[in-house]
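Take a look at the structure set out below.
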2 protein chains.
Amino acid sequence: MPAAGGIRGAVIVYGRNPVREALRGRRAANVGEIWATSATAREAWLRGRSPRVASAQEIEQRCGSAAHQGVCAEAGPYPYAQVERLLDGGEGVLVALDQVQDPQNLGSICRTAECAGAAGVVIPERRAAEVTPAVCKASAGAVEHLPVARVRNLADFLAEARRAGLWSYGASAEPAGGKRPVPYDAPDYRGAGVVLVLGSEGRGLRPRVAGACDELFSLPLRGRMASLGVAAAAAATLYEILQKRVDSAS
Amino acid sequence: MPAAGGIRGAVIVYGRNPVREALRGRRAANVGEIWATSATAREAWLRGRSPRVASAQEIEQRCGSAAHQGVCAEAGPYPYAQVERLLDGGEGVLVALDQVQDPQNLGSICRTAECAGAAGVVIPERRAAEVTPAVCKASAGAVEHLPVARVRNLADFLAEARRAGLWSYGASAEPAGGKRPVPYDAPDYRGAGVVLVLGSEGRGLRPRVAGACDELFSLPLRGRMASLGVAAAAAATLYEILQKRVDSAS
């Protein structure tokens with residue numbers, strides 16, 4: 001059954017940035033009704049969008065989250081990208097996530113990837129967070145611009161990426177899949193295309209995924225903690241990689 | 001009135017990493033009763049700690065959060081560091097946060113700071129998240145090791161840091177406080193002591209704080225988003241700064 005506004009498989013995105021980016025991103029043609037509190041409805045970015053005025057409670061009920069900031073909107077299902085399109089040309093920097101399950105982490109990584117200039121994010125179909133409205137919120141709406149693709153098997157994807165000419169670097173504090181990590185700033189990263197592979201919170205890369213990487217690297221841990229958060233590791237590494245590539249291009 | 005276990009001003013820390021790090025960090029002598037589900041109580045790291053076995057509901061009720069992972073513990077109030085101790089010697093890398101209000105961001109930044117090798121974090125006393133058990137959880141327990149100090153006024157602190165010989169770098173996408181930002185990888189960062197100054201989510205640095213920085217820098221934004229998350233900016237910058245310092249020392 002089509003949802004209220006007639007959009008098939010519609011979801012309710014919520015929060016100021018997620019709704020604003022949905023209105024100007026890849027889902028723009030597929031945004032339906034907008035609900036906003038009377039205060040939020042007066043904000044400049046909603047001008048001309050004729051939001052329906054609703055109470056904060058009503059909005060919370062619609063989107064199922066208290067983090068709505070006074071606005072939510074009906075939108076089509078998240079438009080995942082085709083992985084073939086991401087590999088096309090074998091260029092750019094992709095981020096592949098091995099079973100990252102926390103929506104907060106997935107959203108945060110997507111936001112950083114979009115800002116740093118990555119070409120897309122690849123996630124497995126199973127045992128991993130998918131792009132829900134909570135992830136849109138955590139990404140501040142970045143997923144509306146950044147292509148996110150789902151693959152059945154991450155190790156197979158890395159093999160495919162290699163055939164397309166990309167070189168994959170997996171983050172791992174420990175040796176894994178028969179490889180030893182080098183310091184994170186040691187690799188060249190300036191090849192045609194690069195896949196940055198990050199493991200799940202706590203468990204890191206699975207051996208088969210680590211084995212499918214061309215190289216492993218580790219970020220230094222100079223304190224007493226055993227690991228960095230995956231979103232922080234993504235930020236430190238993505239900026240390192242993209243900065244090196246930009247510096248070499250200029 | 002002292003709390004159950006007799007610890008004055010006690011709080012309830014929760015989650016596996018936070019409790020484990022509390023038991024071996026700066027609050028170690030001030031940890032009282034531990035409650036754990038029967039499954040968690042059998043984990044090796046709790047051996048010899050005689051946790052009281054409790055139901056998940058009981059633990060959730062004690063700590064007020066569903067994110068307890070089957071364990072919580074009574075602990076003394078968070079032992080804030082003296083800011084004078086952090087400035088003593090004028091060395092190392094400090095992180096100063098201007099009104100970061102999200103506990104998740106504060107916790108995440110503390111974890112990254114501890115891992116990257118920062119000497120401490122400085123936060124304002126007012127209009128900013130303080131180190132609550134939710135922050136301990138978001139930091140995975142890193143705040144038990146990393147010194148966190150509170151100051152009345154961040155601009156005054158930066159002036160004091162300058163007198164102590166530290167050089168402060170503020171993250172700002174836009175000109176602020178009469179200064180223009182340079183690219184984040186342009187500064188030298190290798191002086192005796194460095195303060196990395198990060199602004200609040202959304203609003204960035206206040207003009208007076210920006211004005212008190214010695215230099216402003218900005219991280220490149222190569223997509224369509226207007227800003228990076230503060231925790232991601234901290235990760236990208238801290239690793240850049242600390243790596244440059246380590247490279248120059250070796």
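Residues in the structure tokens are numbered from 1 in each chain, the chains being A, B, ... in the order shown, and ligands are numbered from 1 in the order shown.
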With a distance cut-off of 10 Å and only C-alpha atoms, select the neighbouring residues of Leu46 of chain B, excluding the residue or stretch itself and same-chain residues fewer than 4 positions from it, and output the selection as a ChimeraX atom specification. /B:16,19-20,23,34,36,40-42,50-51,71
Based on only C-alpha atoms, which of the residues in chain B come within 9 Å of chain A? I want them as a compact mmCIF listing (two decimals) with N, CA, C and O atoms, in the first residue's frame.
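Result written to result_21.txt:
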# COMPACT_ATOMS: atom_id res chain seq x y z
N GLU B 21 37.67 0.53 32.39
CA GLU B 21 38.68 1.60 32.47
C GLU B 21 38.61 2.33 33.81
O GLU B 21 39.64 2.76 34.33
N SER B 108 33.40 11.13 22.29
CA SER B 108 34.15 10.69 21.12
C SER B 108 35.47 11.44 20.97
O SER B 108 36.50 10.86 20.66
N ILE B 109 35.45 12.75 21.22
CA ILE B 109 36.67 13.55 21.11
C ILE B 109 37.67 13.13 22.19
O ILE B 109 38.87 13.03 21.93
N ARG B 111 37.98 10.17 23.54
CA ARG B 111 38.54 8.88 23.14
C ARG B 111 39.63 9.07 22.09
O ARG B 111 40.72 8.51 22.19
N THR B 112 39.34 9.88 21.08
CA THR B 112 40.32 10.13 20.02
C THR B 112 41.56 10.82 20.59
O THR B 112 42.69 10.49 20.23
N ALA B 113 41.35 11.79 21.48
CA ALA B 113 42.48 12.52 22.08
C ALA B 113 43.39 11.57 22.85
O ALA B 113 44.62 11.63 22.74
N GLU B 114 42.78 10.65 23.61
CA GLU B 114 43.57 9.68 24.38
C GLU B 114 44.35 8.78 23.43
O GLU B 114 45.52 8.51 23.64
N CYS B 115 43.69 8.30 22.39
CA CYS B 115 44.35 7.40 21.43
C CYS B 115 45.46 8.10 20.65
O CYS B 115 46.52 7.53 20.41
N ALA B 116 45.21 9.33 20.24
CA ALA B 116 46.18 10.04 19.39
C ALA B 116 47.40 10.49 20.19
O ALA B 116 48.45 10.75 19.63
N GLY B 117 47.26 10.58 21.50
CA GLY B 117 48.39 10.96 22.35
C GLY B 117 48.33 12.39 22.85
O GLY B 117 49.35 12.97 23.21
N ALA B 118 47.14 12.98 22.90
CA ALA B 118 47.02 14.33 23.45
C ALA B 118 47.24 14.29 24.96
O ALA B 118 47.05 13.24 25.60
N SER B 139 33.06 7.79 25.44
CA SER B 139 34.53 7.81 25.31
C SER B 139 35.10 6.41 25.43
O SER B 139 36.34 6.25 25.38
N ALA B 140 34.26 5.39 25.61
CA ALA B 140 34.70 4.01 25.84
C ALA B 140 35.61 3.92 27.06
O ALA B 140 36.47 3.04 27.15
N GLY B 141 35.45 4.86 28.00
CA GLY B 141 36.25 4.84 29.23
C GLY B 141 37.54 5.65 29.14
O GLY B 141 38.30 5.74 30.11
N ALA B 142 37.82 6.27 27.99
CA ALA B 142 39.08 7.01 27.82
C ALA B 142 39.23 8.14 28.84
O ALA B 142 40.36 8.47 29.23
N HIS B 145 41.51 7.87 31.87
CA HIS B 145 42.96 8.01 31.72
C HIS B 145 43.34 9.42 31.29
O HIS B 145 44.31 9.99 31.78
N LEU B 146 42.60 9.98 30.36
CA LEU B 146 42.91 11.30 29.82
C LEU B 146 42.49 12.40 30.80
O LEU B 146 41.36 12.43 31.25
N ASP B 185 46.71 21.67 6.97
CA ASP B 185 48.03 21.03 6.97
C ASP B 185 49.15 22.04 6.70
O ASP B 185 50.30 21.64 6.51
N LEU B 219 39.63 22.75 7.61
CA LEU B 219 39.71 21.49 6.89
C LEU B 219 39.00 21.67 5.56
O LEU B 219 37.95 22.30 5.50
N PRO B 220 39.55 21.12 4.47
CA PRO B 220 38.87 21.28 3.17
C PRO B 220 37.52 20.56 3.17
O PRO B 220 37.39 19.48 3.74
N LEU B 221 36.53 21.17 2.55
CA LEU B 221 35.23 20.54 2.35
C LEU B 221 35.07 20.38 0.85
O LEU B 221 34.93 21.37 0.14
N ARG B 222 35.13 19.14 0.38
CA ARG B 222 35.14 18.91 -1.06
C ARG B 222 33.80 18.44 -1.60
O ARG B 222 33.66 18.18 -2.78
N GLY B 223 32.81 18.33 -0.73
CA GLY B 223 31.48 17.92 -1.18
C GLY B 223 30.51 19.08 -1.15
O GLY B 223 30.90 20.23 -1.39
N ARG B 224 29.25 18.77 -0.85
CA ARG B 224 28.23 19.81 -0.82
C ARG B 224 27.83 20.20 0.59
O ARG B 224 27.03 21.11 0.78
N MET B 225 28.37 19.49 1.59
CA MET B 225 28.01 19.80 2.97
C MET B 225 28.79 21.03 3.45
O MET B 225 29.91 21.26 3.03
N ALA B 226 28.16 21.77 4.34
CA ALA B 226 28.77 23.02 4.81
C ALA B 226 29.73 22.81 5.96
O ALA B 226 30.54 23.67 6.27
N SER B 227 29.63 21.68 6.63
CA SER B 227 30.55 21.47 7.74
C SER B 227 30.72 20.01 8.09
O SER B 227 29.85 19.17 7.84
N LEU B 228 31.88 19.75 8.68
CA LEU B 228 32.26 18.43 9.17
C LEU B 228 31.77 18.34 10.61
O LEU B 228 31.68 19.36 11.30
N GLY B 229 31.48 17.14 11.10
CA GLY B 229 31.16 16.99 12.52
C GLY B 229 32.37 17.34 13.37
O GLY B 229 33.50 17.13 12.94
N ALA B 231 33.54 15.96 16.04
CA ALA B 231 34.34 14.81 16.45
C ALA B 231 35.21 14.33 15.30
O ALA B 231 36.36 13.92 15.50
N ALA B 232 34.69 14.41 14.09
CA ALA B 232 35.48 14.03 12.91
C ALA B 232 36.59 15.06 12.66
O ALA B 232 37.72 14.69 12.35
N ALA B 233 36.28 16.33 12.85
CA ALA B 233 37.30 17.38 12.69
C ALA B 233 38.41 17.17 13.72
O ALA B 233 39.60 17.32 13.41
N ALA B 234 38.04 16.78 14.94
CA ALA B 234 39.03 16.52 15.98
C ALA B 234 39.94 15.37 15.57
O ALA B 234 41.17 15.44 15.71
N ALA B 235 39.35 14.30 15.04
CA ALA B 235 40.13 13.12 14.65
C ALA B 235 41.10 13.44 13.51
O ALA B 235 42.29 13.12 13.57
N ALA B 236 40.58 14.10 12.47
CA ALA B 236 41.43 14.42 11.32
C ALA B 236 42.59 15.33 11.74
O ALA B 236 43.73 15.14 11.33
N THR B 237 42.29 16.31 12.59
CA THR B 237 43.30 17.30 12.96
C THR B 237 44.29 16.76 13.99
O THR B 237 45.48 17.00 13.90
N LEU B 238 43.78 16.03 14.99
CA LEU B 238 44.67 15.51 16.02
C LEU B 238 45.70 14.56 15.43
O LEU B 238 46.87 14.61 15.80
N TYR B 239 45.24 13.68 14.53
CA TYR B 239 46.22 12.77 13.94
C TYR B 239 47.21 13.52 13.06
O TYR B 239 48.41 13.21 13.05
N GLU B 240 46.75 14.53 12.34
CA GLU B 240 47.65 15.36 11.53
C GLU B 240 48.71 16.04 12.42
O GLU B 240 49.91 15.99 12.16
N GLN B 243 51.00 13.39 14.32
CA GLN B 243 51.88 12.68 13.41
C GLN B 243 53.04 13.60 12.97
O GLN B 243 54.17 13.16 12.91
With only C-alpha atoms counted and 9 Å as the cut-off, give the residues of segment 92-156 of chain B in contact with segment 197-210 of chain B, each with its shortest interatomic distance in Å and the pair that gives it, as a Markdown table.
| residue | atom | partner | partner_atom | distance |
| --- | --- | --- | --- | --- |
| B:Leu94 | CA | B:Val197 | CA | 8.5 |
| B:Val95 | CA | B:Val197 | CA | 6.0 |
| B:Ala96 | CA | B:Val197 | CA | 4.7 |
| B:Leu97 | CA | B:Leu198 | CA | 5.0 |
| B:Asp98 | CA | B:Gly199 | CA | 4.7 |
| B:Gln99 | CA | B:Ser200 | CA | 5.1 |
| B:Val100 | CA | B:Ser200 | CA | 4.4 |
| B:Gln101 | CA | B:Ser200 | CA | 7.0 |
| B:Asp102 | CA | B:Glu201 | CA | 8.1 |
| B:Asn105 | CA | B:Glu201 | CA | 8.9 |
| B:Ala128 | CA | B:Ser200 | CA | 8.7 |
| B:Leu154 | CA | B:Val209 | CA | 6.7 |
| B:Ala155 | CA | B:Val209 | CA | 4.9 |
| B:Asp156 | CA | B:Val209 | CA | 8.7 |
Could you pull out all residues of segment 37-234 of chain B with a DSSP call of helix (DSSP H, G or I) and give them as a short mmCIF file (atom, residue, chain, number, x, y, z; two decimals) with N, CA, C and O atoms, in the first residue's frame?
data_model
loop_
_atom_site.label_atom_id
_atom_site.label_comp_id
_atom_site.auth_asym_id
_atom_site.auth_seq_id
_atom_site.Cartn_x
_atom_site.Cartn_y
_atom_site.Cartn_z
N SER B 38 24.26 -12.01 35.19
CA SER B 38 25.00 -13.24 35.48
C SER B 38 25.96 -13.56 34.33
O SER B 38 27.06 -14.04 34.56
N ALA B 39 25.55 -13.25 33.10
CA ALA B 39 26.43 -13.52 31.95
C ALA B 39 27.67 -12.63 32.00
O ALA B 39 28.80 -13.09 31.88
N THR B 40 27.45 -11.32 32.20
CA THR B 40 28.58 -10.39 32.21
C THR B 40 29.48 -10.65 33.43
O THR B 40 30.71 -10.51 33.34
N ALA B 41 28.88 -11.04 34.55
CA ALA B 41 29.66 -11.28 35.77
C ALA B 41 30.71 -12.37 35.58
O ALA B 41 31.73 -12.40 36.28
N ALA B 44 36.03 -12.48 32.04
CA ALA B 44 37.35 -12.55 32.68
C ALA B 44 37.75 -11.25 33.37
O ALA B 44 38.31 -11.27 34.46
N TRP B 45 37.45 -10.11 32.76
CA TRP B 45 37.91 -8.83 33.31
C TRP B 45 37.24 -8.50 34.64
O TRP B 45 37.71 -7.63 35.38
N LEU B 46 36.15 -9.19 34.97
CA LEU B 46 35.48 -8.94 36.26
C LEU B 46 35.90 -9.95 37.33
O LEU B 46 35.42 -9.89 38.46
N ALA B 56 19.09 -7.28 34.02
CA ALA B 56 19.33 -6.17 33.09
C ALA B 56 18.44 -4.98 33.44
O ALA B 56 18.88 -3.82 33.37
N GLN B 57 17.20 -5.27 33.83
CA GLN B 57 16.28 -4.18 34.19
C GLN B 57 16.79 -3.40 35.40
O GLN B 57 16.72 -2.18 35.45
N GLU B 58 17.26 -4.15 36.39
CA GLU B 58 17.76 -3.53 37.62
C GLU B 58 18.97 -2.62 37.29
O GLU B 58 19.08 -1.50 37.80
N ILE B 59 19.82 -3.11 36.41
CA ILE B 59 21.00 -2.32 36.02
C ILE B 59 20.57 -1.07 35.26
O ILE B 59 21.05 0.03 35.53
N GLU B 60 19.61 -1.25 34.35
CA GLU B 60 19.11 -0.09 33.61
C GLU B 60 18.51 0.95 34.55
O GLU B 60 18.72 2.16 34.37
N GLN B 61 17.81 0.47 35.57
CA GLN B 61 17.20 1.37 36.53
C GLN B 61 18.28 2.12 37.32
O GLN B 61 18.19 3.32 37.55
N ARG B 62 19.32 1.41 37.71
CA ARG B 62 20.39 2.06 38.48
C ARG B 62 21.12 3.13 37.69
O ARG B 62 21.44 4.20 38.19
N CYS B 63 21.43 2.82 36.41
CA CYS B 63 22.26 3.77 35.65
C CYS B 63 21.43 4.71 34.78
O CYS B 63 21.95 5.69 34.26
N VAL B 83 43.85 22.74 35.58
CA VAL B 83 44.33 23.26 34.30
C VAL B 83 45.80 23.68 34.40
O VAL B 83 46.55 23.57 33.42
N GLU B 84 46.22 24.10 35.58
CA GLU B 84 47.63 24.49 35.76
C GLU B 84 48.56 23.30 35.50
O GLU B 84 49.65 23.46 34.95
N ARG B 85 48.11 22.11 35.90
CA ARG B 85 48.91 20.91 35.67
C ARG B 85 49.04 20.63 34.18
O ARG B 85 50.09 20.18 33.71
N LEU B 86 47.97 20.90 33.45
CA LEU B 86 48.01 20.65 32.00
C LEU B 86 48.96 21.63 31.31
O LEU B 86 49.57 21.29 30.30
N LEU B 87 49.05 22.84 31.85
CA LEU B 87 49.90 23.85 31.21
C LEU B 87 51.34 23.77 31.70
O LEU B 87 52.24 24.36 31.10
N ASP B 88 51.56 23.04 32.75
CA ASP B 88 52.87 22.94 33.38
C ASP B 88 53.89 22.39 32.38
O ASP B 88 53.69 21.33 31.80
N GLY B 89 54.98 23.15 32.19
CA GLY B 89 56.00 22.70 31.26
C GLY B 89 55.75 23.21 29.85
O GLY B 89 56.66 23.26 29.03
N GLY B 90 54.51 23.60 29.57
CA GLY B 90 54.20 24.18 28.26
C GLY B 90 54.38 23.24 27.09
O GLY B 90 54.60 23.66 25.97
N PRO B 103 26.97 15.19 24.48
CA PRO B 103 27.80 14.25 25.25
C PRO B 103 28.50 13.23 24.34
O PRO B 103 29.63 12.84 24.60
N GLN B 104 27.79 12.83 23.28
CA GLN B 104 28.36 11.89 22.33
C GLN B 104 29.63 12.47 21.69
O GLN B 104 30.65 11.79 21.58
N ASN B 105 29.56 13.72 21.28
CA ASN B 105 30.73 14.37 20.68
C ASN B 105 31.86 14.54 21.70
O ASN B 105 33.02 14.28 21.39
N LEU B 106 31.53 15.00 22.90
CA LEU B 106 32.58 15.17 23.92
C LEU B 106 33.26 13.83 24.20
O LEU B 106 34.50 13.75 24.23
N GLY B 107 32.46 12.77 24.37
CA GLY B 107 33.03 11.46 24.65
C GLY B 107 33.91 10.98 23.50
O GLY B 107 35.03 10.51 23.71
N SER B 108 33.40 11.13 22.29
CA SER B 108 34.15 10.69 21.12
C SER B 108 35.47 11.44 20.97
O SER B 108 36.50 10.86 20.66
N ILE B 109 35.45 12.75 21.22
CA ILE B 109 36.67 13.55 21.11
C ILE B 109 37.67 13.13 22.19
O ILE B 109 38.87 13.03 21.93
N CYS B 110 37.19 12.86 23.40
CA CYS B 110 38.10 12.42 24.46
C CYS B 110 38.76 11.08 24.11
O CYS B 110 39.95 10.89 24.33
N ARG B 111 37.98 10.17 23.54
CA ARG B 111 38.54 8.88 23.14
C ARG B 111 39.63 9.07 22.09
O ARG B 111 40.72 8.51 22.19
N THR B 112 39.34 9.88 21.08
CA THR B 112 40.32 10.13 20.02
C THR B 112 41.56 10.82 20.59
O THR B 112 42.69 10.49 20.23
N ALA B 113 41.35 11.79 21.48
CA ALA B 113 42.48 12.52 22.08
C ALA B 113 43.39 11.57 22.85
O ALA B 113 44.62 11.63 22.74
N GLU B 114 42.78 10.65 23.61
CA GLU B 114 43.57 9.68 24.38
C GLU B 114 44.35 8.78 23.43
O GLU B 114 45.52 8.51 23.64
N CYS B 115 43.69 8.30 22.39
CA CYS B 115 44.35 7.40 21.43
C CYS B 115 45.46 8.10 20.65
O CYS B 115 46.52 7.53 20.41
N ALA B 116 45.21 9.33 20.24
CA ALA B 116 46.18 10.04 19.39
C ALA B 116 47.40 10.49 20.19
O ALA B 116 48.45 10.75 19.63
N PRO B 133 28.41 10.14 33.22
CA PRO B 133 28.53 8.73 32.81
C PRO B 133 28.22 8.50 31.33
O PRO B 133 28.82 7.63 30.71
N ALA B 134 27.32 9.30 30.73
CA ALA B 134 27.04 9.15 29.30
C ALA B 134 28.27 9.51 28.46
O ALA B 134 28.55 8.89 27.43
N VAL B 135 29.04 10.50 28.94
CA VAL B 135 30.27 10.88 28.25
C VAL B 135 31.33 9.78 28.44
O VAL B 135 32.07 9.45 27.52
N CYS B 136 31.40 9.22 29.66
CA CYS B 136 32.33 8.10 29.90
C CYS B 136 32.03 6.99 28.91
O CYS B 136 32.95 6.43 28.30
N LYS B 137 30.74 6.70 28.73
CA LYS B 137 30.34 5.63 27.81
C LYS B 137 30.74 5.97 26.38
O LYS B 137 31.33 5.15 25.67
N ALA B 138 30.46 7.21 25.96
CA ALA B 138 30.78 7.61 24.59
C ALA B 138 32.30 7.63 24.36
O ALA B 138 32.76 7.51 23.23
N ALA B 142 37.82 6.27 27.99
CA ALA B 142 39.08 7.01 27.82
C ALA B 142 39.23 8.14 28.84
O ALA B 142 40.36 8.47 29.23
N VAL B 143 38.12 8.72 29.28
CA VAL B 143 38.21 9.83 30.25
C VAL B 143 38.76 9.39 31.60
O VAL B 143 39.13 10.22 32.42
N GLU B 144 38.83 8.07 31.84
CA GLU B 144 39.43 7.59 33.09
C GLU B 144 40.95 7.74 33.06
O GLU B 144 41.61 7.73 34.09
N LEU B 154 37.15 30.33 28.27
CA LEU B 154 38.06 29.69 27.33
C LEU B 154 39.06 30.67 26.72
O LEU B 154 40.23 30.33 26.51
N ALA B 155 38.60 31.92 26.45
CA ALA B 155 39.52 32.92 25.88
C ALA B 155 40.62 33.24 26.89
O ALA B 155 41.80 33.37 26.52
N ASP B 156 40.25 33.37 28.17
CA ASP B 156 41.25 33.61 29.21
C ASP B 156 42.23 32.43 29.31
O ASP B 156 43.43 32.63 29.50
N PHE B 157 41.70 31.23 29.17
CA PHE B 157 42.57 30.05 29.21
C PHE B 157 43.59 30.09 28.07
O PHE B 157 44.77 29.78 28.26
N LEU B 158 43.14 30.52 26.87
CA LEU B 158 44.06 30.56 25.73
C LEU B 158 45.16 31.60 25.95
O LEU B 158 46.31 31.40 25.55
N ALA B 159 44.80 32.70 26.62
CA ALA B 159 45.80 33.72 26.95
C ALA B 159 46.82 33.15 27.94
O ALA B 159 48.04 33.36 27.80
N GLU B 160 46.31 32.40 28.89
CA GLU B 160 47.18 31.77 29.89
C GLU B 160 48.10 30.73 29.21
O GLU B 160 49.29 30.63 29.51
N ALA B 161 47.52 29.97 28.28
CA ALA B 161 48.30 28.96 27.55
C ALA B 161 49.43 29.64 26.76
O ALA B 161 50.55 29.13 26.71
N ARG B 162 49.13 30.80 26.18
CA ARG B 162 50.15 31.52 25.43
C ARG B 162 51.30 31.95 26.34
O ARG B 162 52.47 31.81 25.98
N ARG B 163 50.94 32.43 27.53
CA ARG B 163 51.99 32.81 28.49
C ARG B 163 52.84 31.61 28.90
O ARG B 163 54.01 31.73 29.20
N PRO B 207 33.56 34.57 18.44
CA PRO B 207 34.57 35.53 17.98
C PRO B 207 35.68 35.78 19.01
O PRO B 207 36.85 35.85 18.65
N ARG B 208 35.33 35.87 20.29
CA ARG B 208 36.35 36.15 21.30
C ARG B 208 37.33 34.98 21.43
O ARG B 208 38.53 35.16 21.65
N VAL B 209 36.81 33.78 21.28
CA VAL B 209 37.67 32.60 21.35
C VAL B 209 38.55 32.53 20.11
O VAL B 209 39.76 32.30 20.19
N ALA B 210 37.95 32.78 18.93
CA ALA B 210 38.73 32.80 17.70
C ALA B 210 39.83 33.87 17.78
O ALA B 210 40.97 33.65 17.37
N GLY B 211 39.46 35.03 18.35
CA GLY B 211 40.43 36.11 18.49
C GLY B 211 41.58 35.77 19.42
O GLY B 211 42.69 36.28 19.27
N ALA B 212 41.33 34.88 20.36
CA ALA B 212 42.37 34.49 21.33
C ALA B 212 43.28 33.40 20.79
O ALA B 212 44.29 33.06 21.40
N VAL B 230 32.12 17.87 14.57
CA VAL B 230 33.24 18.32 15.41
C VAL B 230 34.12 17.15 15.83
O VAL B 230 35.35 17.29 15.92
N ALA B 231 33.54 15.96 16.04
CA ALA B 231 34.34 14.81 16.45
C ALA B 231 35.21 14.33 15.30
O ALA B 231 36.36 13.92 15.50
N ALA B 232 34.69 14.41 14.09
CA ALA B 232 35.48 14.03 12.91
C ALA B 232 36.59 15.06 12.66
O ALA B 232 37.72 14.69 12.35
N ALA B 233 36.28 16.33 12.85
CA ALA B 233 37.30 17.38 12.69
C ALA B 233 38.41 17.17 13.72
O ALA B 233 39.60 17.32 13.41
N ALA B 234 38.04 16.78 14.94
CA ALA B 234 39.03 16.52 15.98
C ALA B 234 39.94 15.37 15.57
O ALA B 234 41.17 15.44 15.71
#
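Distance-wise, atom CA of Gly177 of chain A and atom CA of Lys244 of chain A end up 26.8 Å apart.
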Contacts of Ser218 of chain A at 7 Å or less, counting only C-alpha atoms, minus same-chain residues fewer than 6 places along, as a ChimeraX atom specification? /A:171-173,181-184
Could you write those residues out with N, CA and C atoms, as a PDB file, in the first residue's frame?
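Everything below was put into selection-v4.pdb:
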ATOM      1  N   ALA A 171      42.071  -1.075   7.550  1.00  0.00           N
ATOM      2  CA  ALA A 171      42.534  -0.621   8.871  1.00  0.00           C
ATOM      3  C   ALA A 171      42.508  -1.790   9.841  1.00  0.00           C
ATOM      4  N   SER A 172      43.656  -2.096  10.429  1.00  0.00           N
ATOM      5  CA  SER A 172      43.707  -3.195  11.385  1.00  0.00           C
ATOM      6  C   SER A 172      44.861  -2.975  12.352  1.00  0.00           C
ATOM      7  N   ALA A 173      44.562  -2.966  13.632  1.00  0.00           N
ATOM      8  CA  ALA A 173      45.614  -2.766  14.638  1.00  0.00           C
ATOM      9  C   ALA A 173      46.539  -3.982  14.683  1.00  0.00           C
ATOM     10  N   PRO A 181      50.008  -5.028   9.409  1.00  0.00           N
ATOM     11  CA  PRO A 181      49.722  -3.619   9.106  1.00  0.00           C
ATOM     12  C   PRO A 181      50.987  -2.756   9.108  1.00  0.00           C
ATOM     13  N   VAL A 182      51.022  -1.791   8.207  1.00  0.00           N
ATOM     14  CA  VAL A 182      52.087  -0.780   8.189  1.00  0.00           C
ATOM     15  C   VAL A 182      51.501   0.493   8.826  1.00  0.00           C
ATOM     16  N   PRO A 183      52.361   1.454   9.259  1.00  0.00           N
ATOM     17  CA  PRO A 183      51.799   2.707   9.800  1.00  0.00           C
ATOM     18  C   PRO A 183      50.896   3.384   8.762  1.00  0.00           C
ATOM     19  N   TYR A 184      49.852   4.049   9.231  1.00  0.00           N
ATOM     20  CA  TYR A 184      48.818   4.552   8.331  1.00  0.00           C
ATOM     21  C   TYR A 184      49.329   5.602   7.358  1.00  0.00           C
TER      22      TYR A 184
END
Min atom-atom distance to Pro147 of chain A from the set A:Val31, A:Glu91, A:Gly120, A:Gly48, counting only C-alpha atoms, belongs to A:Gly120
Residues of segment 11-176 of chain B in strand (DSSP E or B) according to DSSP, as a PyMOL selection string? chain B and resi 11-14+31-36+52-53+71-75+81+92-97+120-124+148-151+166-171+176
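Picture a line from atom CA of Ser65 of chain A to atom CA of Tyr14 of chain A; it runs 8.1 Å.
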Pairwise distance, atom CA of Val148 of chain B with atom CA of Val121 of chain B, equals 4.7 Å
Which polymer residues have any atom within 8 Å of an atom of Arg150 of chain A, counting only C-alpha atoms, with same-chain residues fewer than 2 positions away left out, as JSON, numbers by chain? {"A": [80, 81, 82, 83, 122, 123, 124, 125, 148, 152]}
